[in-house]
Amino acid sequence: MSYPGYPPTGYPPFPGYPPAGQESSFPPPGQYPYPSGFPPMGGGAYPAVPSGGFPGAGGYTPGGYPAPGGYPGAPQPGGAPSYPGGQGFGAPPAGAGFSGYPQPPPQSYGGGPPQVPLSGGFPGGQMPSQYPGGQAPYSSQINTESFPSYPVFSPVSLDFSSEPAAMTQGTQGTVRPAANFDAMRDAEILRKAMKGFGTDEQAIVDVVASRSNDQRQKIKAAFKTMYGKDLIKDLKSELSGNMEELVLALFMPTTYYDAWSLRNAMKGAGTQERVLIEILCTRTNQEIQEIVRCYQSEFGRDLEKDIRSDTSGHFERLLVSMCQGNRDENQNVNHQLAQEDAQRLYQAGEGRLGTDESCFNMILATRSFPQLKATMEAYSRMANRDLLSSVGREFSGNVENGLKAILQCALNRPAFFAERLYYSMKGAGTDDSTLVRIVVTRSEIDLVQIKQIFTQMYQKTLSTMIASDTSGDYRKLLLAIVGQ
């Protein structure tokens with residue numbers, strides 16, 4: 001199956017491409033102009049993805065989060081539900097192919113005013129007024145007093161101001177720092193909510209959902225100063241189940257939560273490969289480097305060594321590449337390089353018997369997301385099929401899922417997370433751990449755009465689906481974070 005209308009008339013038909021003897025020089029640079037109408041919007045743009053895709057059944061052992069290590073507020077064994085099976089990752093509803101996967105227009109490359117969406121898959125628009133000059137919603141100073149085992153890690157990654165502009169511009173979270181914030185007043189409200197017989201969960205929801213992560217760290221420190229008690233321990237004793245997991249996740253420093261999620265994904269029997277892919281294939285260089293340092297200081301372990309011992313083969317190599325945090329983040333696109341990379345990928349996969357996996361790993365692990373998007377466009381014109389479907393034919397299992405996650409983030413990062421959220425709730429049961437992790441980690445980054453694209457892809461709002469799949473105070477807190 002191919003893109004409708006691609007390649008345009010005059011391009012060599014597939015599979016006779018490239019002509020024998022001309023592999024190194026065909027097509028000549030600049031021969032094919034870049035059509036302004038690419039990529040095609042609307043239905044039928046992508047071929048259907050194999051139903052055996054993500055999340056892969058192989059290699060994953062259900063059973064929920066393993067026992068925590070080091071963090072006093074981690075859910076107890078069995079506190080998080082197991083990951084359900086179900087339809088493969090990336091397969092849109094009713095087998096409609098990738099028609100629901102919105103793609104940003106190519107005009108997002110280069111200078112000029114931001115387009116909608118931008119080159120990283122981010123819809124355009126101005127930074128929220130609360131963050132003048134693009135200032136990040138996080139302070140670089142947080143108090144980790146309530147993490148007794150946090151002696152070394154300096155959570156500078158909470159300052160996202162050094163993130164490439166094109167990766168933050170035009171996106172916004174649903175949670176913003178509260179005005180007139182008073183940490184001592186909030187600590188007092190939480191103390192009253194938990195004091196005596198019973199718990200006032202609504203008071204906890206009202207405070208936690210409307211404060212930024214940095215403000216929650218200050219509340220935690222104020223609580224210990226005022227009452228000589230650990231807020232996390234008090235919350236653990238008052239809450240349970242999914243509500244406990246969600247509240248504790250919200251009180252973890254951002255980088256610590258990613259490191260903690262990776263540790264739990266590899267701890268005990270089995271490995272939760274989807275968690276490794278979701279975090280390592282989507283974060284910025286700075287975020288990954290801070291996660292690696294936090295993982296070492298908090299758990300006394302080397303993240304790369306744990307990845308090597310828990311994974312194998314080409315999937316292991318891909319994740320080791322990802323945890324270097326060394327991807328090119330130059331937002332300018334080299335179209336000549338995109339054409340050359342597209343040719344290399346074709347000759348490493350569709351254009352030969354077997355697959356040169358190292359070529360795919362090299363290009364997808366080193367090129368910037370805007371550069372990869374341009375490569376995908378060049379590949380579809382050249383090979384008369386899209387790179388995502390070629391990856392599906394050339395790879396299988398976890399490495400296929402990882403490579404596709406990188407390409408989907410290059411196309412449209414909020415759409416990648418919208419799809420993960422959809423499949424966490426689709427069908428029987430709810431994958432609460434994935435639901436909690438994505439809502440919490442994206443709540444101050446791009447959850448507004450994730451909600452918009454979720455509605456566009458699935459013809460229902462994210463809050464509607466959450467409301468129908470969850471209940472009680474857990475549902476109230478999720479909806480308070482996501483918004484209507």
# chains A, B, ... in the order shown; residues from 1 in each chain; ligands from 1
call {"tool": "select_by_dssp", "arguments": {"residues": "segment 319-480 of chain A", "states": "alpha helix (DSSP H)", "output": "PyMOL selection string"}}
result
chain A and resi 319-322+335-348+357-366+369-383+387-394+397-425+432-442+447-458+462-469+472-480
call {"tool": "residues_around", "arguments": {"residues": "Gln336 of chain A", "least_positions_apart": "2", "cutoff": "10 Å", "atoms": "only C-alpha atoms", "output": "CSV table (one decimal) with all heavy atoms, in the first residue's frame"}}
result
chain,number,residue,atom,x,y,z
A,29,PRO,N,20.8,15.2,-6.5
A,29,PRO,CA,20.3,16.2,-5.6
A,29,PRO,C,19.5,17.3,-6.3
A,29,PRO,O,20.0,17.8,-7.4
A,29,PRO,CB,21.6,16.7,-5.0
A,29,PRO,CG,22.6,15.6,-5.2
A,29,PRO,CD,22.2,14.9,-6.5
A,30,GLY,N,18.4,17.7,-5.7
A,30,GLY,CA,17.7,18.8,-6.2
A,30,GLY,C,16.8,18.5,-7.4
A,30,GLY,O,16.1,19.3,-7.9
A,333,VAL,N,16.7,22.4,9.2
A,333,VAL,CA,16.6,21.2,8.4
A,333,VAL,C,17.5,21.3,7.2
A,333,VAL,O,17.5,22.2,6.5
A,333,VAL,CB,15.1,21.0,8.0
A,333,VAL,CG1,15.1,19.8,7.0
A,333,VAL,CG2,14.3,20.7,9.2
A,334,ASN,N,18.3,20.2,7.0
A,334,ASN,CA,19.2,20.1,5.9
A,334,ASN,C,18.4,19.1,4.9
A,334,ASN,O,18.4,17.9,5.1
A,334,ASN,CB,20.5,19.5,6.3
A,334,ASN,CG,21.5,19.3,5.1
A,334,ASN,OD1,21.1,19.2,4.0
A,334,ASN,ND2,22.8,19.3,5.5
A,338,ALA,N,18.5,15.0,4.3
A,338,ALA,CA,17.2,14.3,4.4
A,338,ALA,C,17.1,13.3,3.2
A,338,ALA,O,16.7,12.2,3.4
A,338,ALA,CB,16.0,15.2,4.5
A,339,GLN,N,17.4,13.8,2.0
A,339,GLN,CA,17.4,13.0,0.8
A,339,GLN,C,18.4,11.9,0.9
A,339,GLN,O,18.1,10.7,0.6
A,339,GLN,CB,17.6,13.9,-0.4
A,339,GLN,CG,17.3,13.3,-1.7
A,339,GLN,CD,15.8,13.3,-2.0
A,339,GLN,OE1,15.0,13.8,-1.2
A,339,GLN,NE2,15.5,12.8,-3.2
A,340,GLU,N,19.6,12.2,1.4
A,340,GLU,CA,20.6,11.1,1.5
A,340,GLU,C,20.2,10.1,2.5
A,340,GLU,O,20.4,8.9,2.3
A,340,GLU,CB,22.0,11.8,1.8
A,340,GLU,CG,22.5,12.7,0.7
A,340,GLU,CD,23.7,13.5,1.2
A,340,GLU,OE1,24.1,13.4,2.4
A,340,GLU,OE2,24.2,14.3,0.4
A,341,ASP,N,19.7,10.5,3.7
A,341,ASP,CA,19.3,9.6,4.7
A,341,ASP,C,18.2,8.7,4.2
A,341,ASP,O,18.1,7.5,4.5
A,341,ASP,CB,18.9,10.3,6.0
A,341,ASP,CG,20.1,10.8,6.8
A,341,ASP,OD1,21.2,10.4,6.5
A,341,ASP,OD2,19.9,11.6,7.7
A,342,ALA,N,17.2,9.3,3.5
A,342,ALA,CA,16.1,8.5,2.9
A,342,ALA,C,16.7,7.4,2.0
A,342,ALA,O,16.2,6.3,2.1
A,342,ALA,CB,15.1,9.4,2.2
A,374,ALA,N,11.7,15.6,7.9
A,374,ALA,CA,12.0,15.9,6.5
A,374,ALA,C,12.5,14.6,5.8
A,374,ALA,O,12.2,14.4,4.7
A,374,ALA,CB,13.1,16.9,6.5
A,375,THR,N,13.2,13.7,6.6
A,375,THR,CA,13.7,12.5,6.0
A,375,THR,C,12.5,11.6,5.7
A,375,THR,O,12.4,10.9,4.6
A,375,THR,CB,14.6,11.7,7.0
A,375,THR,OG1,15.7,12.6,7.2
A,375,THR,CG2,15.1,10.4,6.4
A,378,ALA,N,11.0,12.8,2.5
A,378,ALA,CA,11.8,12.5,1.3
A,378,ALA,C,11.7,11.0,1.0
A,378,ALA,O,11.6,10.6,-0.2
A,378,ALA,CB,13.3,12.8,1.6
call {"tool": "atom_distance", "arguments": {"atom1": "atom CA of Phe454 of chain A", "atom2": "atom CA of Pro370 of chain A"}}
result
21.8 Å
call {"tool": "closest_residue", "arguments": {"among": "A:Leu303, A:Val399, A:Ala179, A:Ala249", "to": "Glu273 of chain A", "atoms": "only C-alpha atoms"}}
result
A:Val399
call {"tool": "decode", "arguments": {"residues": "segment 182-229 of chain A", "atoms": "N, CA and C atoms", "output": "compact mmCIF listing (two decimals), in the first residue's frame"}}
result
# COMPACT_ATOMS: atom_id res chain seq x y z
N ASP A 182 1.03 30.30 48.57
CA ASP A 182 1.49 30.33 49.96
C ASP A 182 1.68 28.88 50.41
N ALA A 183 2.93 28.44 50.46
CA ALA A 183 3.21 27.04 50.78
C ALA A 183 2.73 26.66 52.18
N MET A 184 2.86 27.57 53.14
CA MET A 184 2.45 27.26 54.51
C MET A 184 0.93 27.13 54.61
N ARG A 185 0.23 27.98 53.90
CA ARG A 185 -1.24 27.88 53.92
C ARG A 185 -1.69 26.55 53.31
N ASP A 186 -1.07 26.17 52.18
CA ASP A 186 -1.42 24.89 51.55
C ASP A 186 -1.07 23.71 52.44
N ALA A 187 0.07 23.79 53.13
CA ALA A 187 0.46 22.72 54.05
C ALA A 187 -0.57 22.58 55.16
N GLU A 188 -1.08 23.71 55.63
CA GLU A 188 -2.09 23.68 56.69
C GLU A 188 -3.40 23.05 56.20
N ILE A 189 -3.77 23.38 54.95
CA ILE A 189 -4.99 22.79 54.37
C ILE A 189 -4.85 21.27 54.28
N LEU A 190 -3.69 20.81 53.82
CA LEU A 190 -3.47 19.37 53.70
C LEU A 190 -3.46 18.70 55.07
N ARG A 191 -2.88 19.37 56.05
CA ARG A 191 -2.84 18.81 57.41
C ARG A 191 -4.26 18.65 57.95
N LYS A 192 -5.10 19.66 57.77
CA LYS A 192 -6.48 19.57 58.24
C LYS A 192 -7.25 18.49 57.49
N ALA A 193 -6.93 18.32 56.19
CA ALA A 193 -7.63 17.32 55.38
C ALA A 193 -7.35 15.90 55.86
N MET A 194 -6.19 15.70 56.48
CA MET A 194 -5.80 14.35 56.92
C MET A 194 -5.90 14.15 58.42
N LYS A 195 -6.20 15.20 59.17
CA LYS A 195 -6.21 15.11 60.62
C LYS A 195 -7.54 14.53 61.11
N GLY A 196 -7.48 13.77 62.17
CA GLY A 196 -8.70 13.24 62.76
C GLY A 196 -9.23 12.04 62.01
N PHE A 197 -10.53 11.80 62.19
CA PHE A 197 -11.15 10.61 61.62
C PHE A 197 -11.54 10.87 60.17
N GLY A 198 -11.09 10.03 59.25
CA GLY A 198 -11.42 10.20 57.84
C GLY A 198 -10.49 11.19 57.15
N THR A 199 -10.67 11.31 55.84
CA THR A 199 -9.83 12.17 55.02
C THR A 199 -10.70 13.02 54.11
N ASP A 200 -10.36 14.31 54.01
CA ASP A 200 -11.07 15.21 53.10
C ASP A 200 -10.36 15.18 51.75
N GLU A 201 -10.73 14.20 50.92
CA GLU A 201 -10.03 14.04 49.64
C GLU A 201 -10.23 15.24 48.73
N GLN A 202 -11.40 15.87 48.81
CA GLN A 202 -11.66 17.01 47.92
C GLN A 202 -10.68 18.15 48.18
N ALA A 203 -10.35 18.36 49.46
CA ALA A 203 -9.38 19.41 49.80
C ALA A 203 -8.01 19.08 49.21
N ILE A 204 -7.64 17.80 49.24
CA ILE A 204 -6.36 17.38 48.66
C ILE A 204 -6.38 17.62 47.15
N VAL A 205 -7.48 17.25 46.50
CA VAL A 205 -7.61 17.46 45.05
C VAL A 205 -7.47 18.94 44.72
N ASP A 206 -8.16 19.80 45.48
CA ASP A 206 -8.15 21.23 45.18
C ASP A 206 -6.75 21.82 45.25
N VAL A 207 -5.97 21.37 46.22
CA VAL A 207 -4.61 21.91 46.37
C VAL A 207 -3.67 21.32 45.32
N VAL A 208 -3.65 20.00 45.22
CA VAL A 208 -2.64 19.33 44.39
C VAL A 208 -2.81 19.64 42.91
N ALA A 209 -4.05 19.69 42.42
CA ALA A 209 -4.28 19.85 40.99
C ALA A 209 -3.99 21.26 40.49
N SER A 210 -3.98 22.23 41.38
CA SER A 210 -3.83 23.62 40.93
C SER A 210 -2.48 24.23 41.31
N ARG A 211 -1.50 23.38 41.63
CA ARG A 211 -0.15 23.86 41.93
C ARG A 211 0.84 23.21 40.97
N SER A 212 1.88 23.93 40.60
CA SER A 212 2.92 23.38 39.73
C SER A 212 3.78 22.40 40.53
N ASN A 213 4.60 21.64 39.83
CA ASN A 213 5.46 20.67 40.52
C ASN A 213 6.41 21.38 41.47
N ASP A 214 6.94 22.50 41.06
CA ASP A 214 7.86 23.25 41.92
C ASP A 214 7.15 23.72 43.19
N GLN A 215 5.90 24.16 43.04
CA GLN A 215 5.13 24.60 44.21
C GLN A 215 4.82 23.43 45.14
N ARG A 216 4.59 22.25 44.57
CA ARG A 216 4.33 21.08 45.42
C ARG A 216 5.56 20.73 46.25
N GLN A 217 6.76 20.91 45.68
CA GLN A 217 7.98 20.64 46.46
C GLN A 217 8.07 21.60 47.65
N LYS A 218 7.65 22.83 47.44
CA LYS A 218 7.69 23.82 48.53
C LYS A 218 6.65 23.51 49.61
N ILE A 219 5.50 23.01 49.18
CA ILE A 219 4.47 22.59 50.15
C ILE A 219 5.01 21.47 51.01
N LYS A 220 5.71 20.52 50.37
CA LYS A 220 6.27 19.38 51.08
C LYS A 220 7.28 19.83 52.15
N ALA A 221 8.12 20.79 51.77
CA ALA A 221 9.12 21.31 52.72
C ALA A 221 8.45 22.08 53.84
N ALA A 222 7.43 22.89 53.50
CA ALA A 222 6.73 23.67 54.52
C ALA A 222 6.01 22.75 55.51
N PHE A 223 5.45 21.64 55.01
CA PHE A 223 4.72 20.70 55.86
C PHE A 223 5.67 20.12 56.91
N LYS A 224 6.87 19.73 56.50
CA LYS A 224 7.82 19.15 57.44
C LYS A 224 8.30 20.20 58.43
N THR A 225 8.49 21.43 57.97
CA THR A 225 8.93 22.51 58.86
C THR A 225 7.87 22.82 59.91
N MET A 226 6.62 22.85 59.50
CA MET A 226 5.53 23.25 60.39
C MET A 226 5.13 22.15 61.37
N TYR A 227 5.13 20.91 60.89
CA TYR A 227 4.56 19.83 61.71
C TYR A 227 5.56 18.75 62.09
N GLY A 228 6.77 18.83 61.58
CA GLY A 228 7.77 17.80 61.90
C GLY A 228 7.38 16.43 61.39
N LYS A 229 6.56 16.40 60.34
CA LYS A 229 6.11 15.13 59.77
C LYS A 229 6.35 15.14 58.27
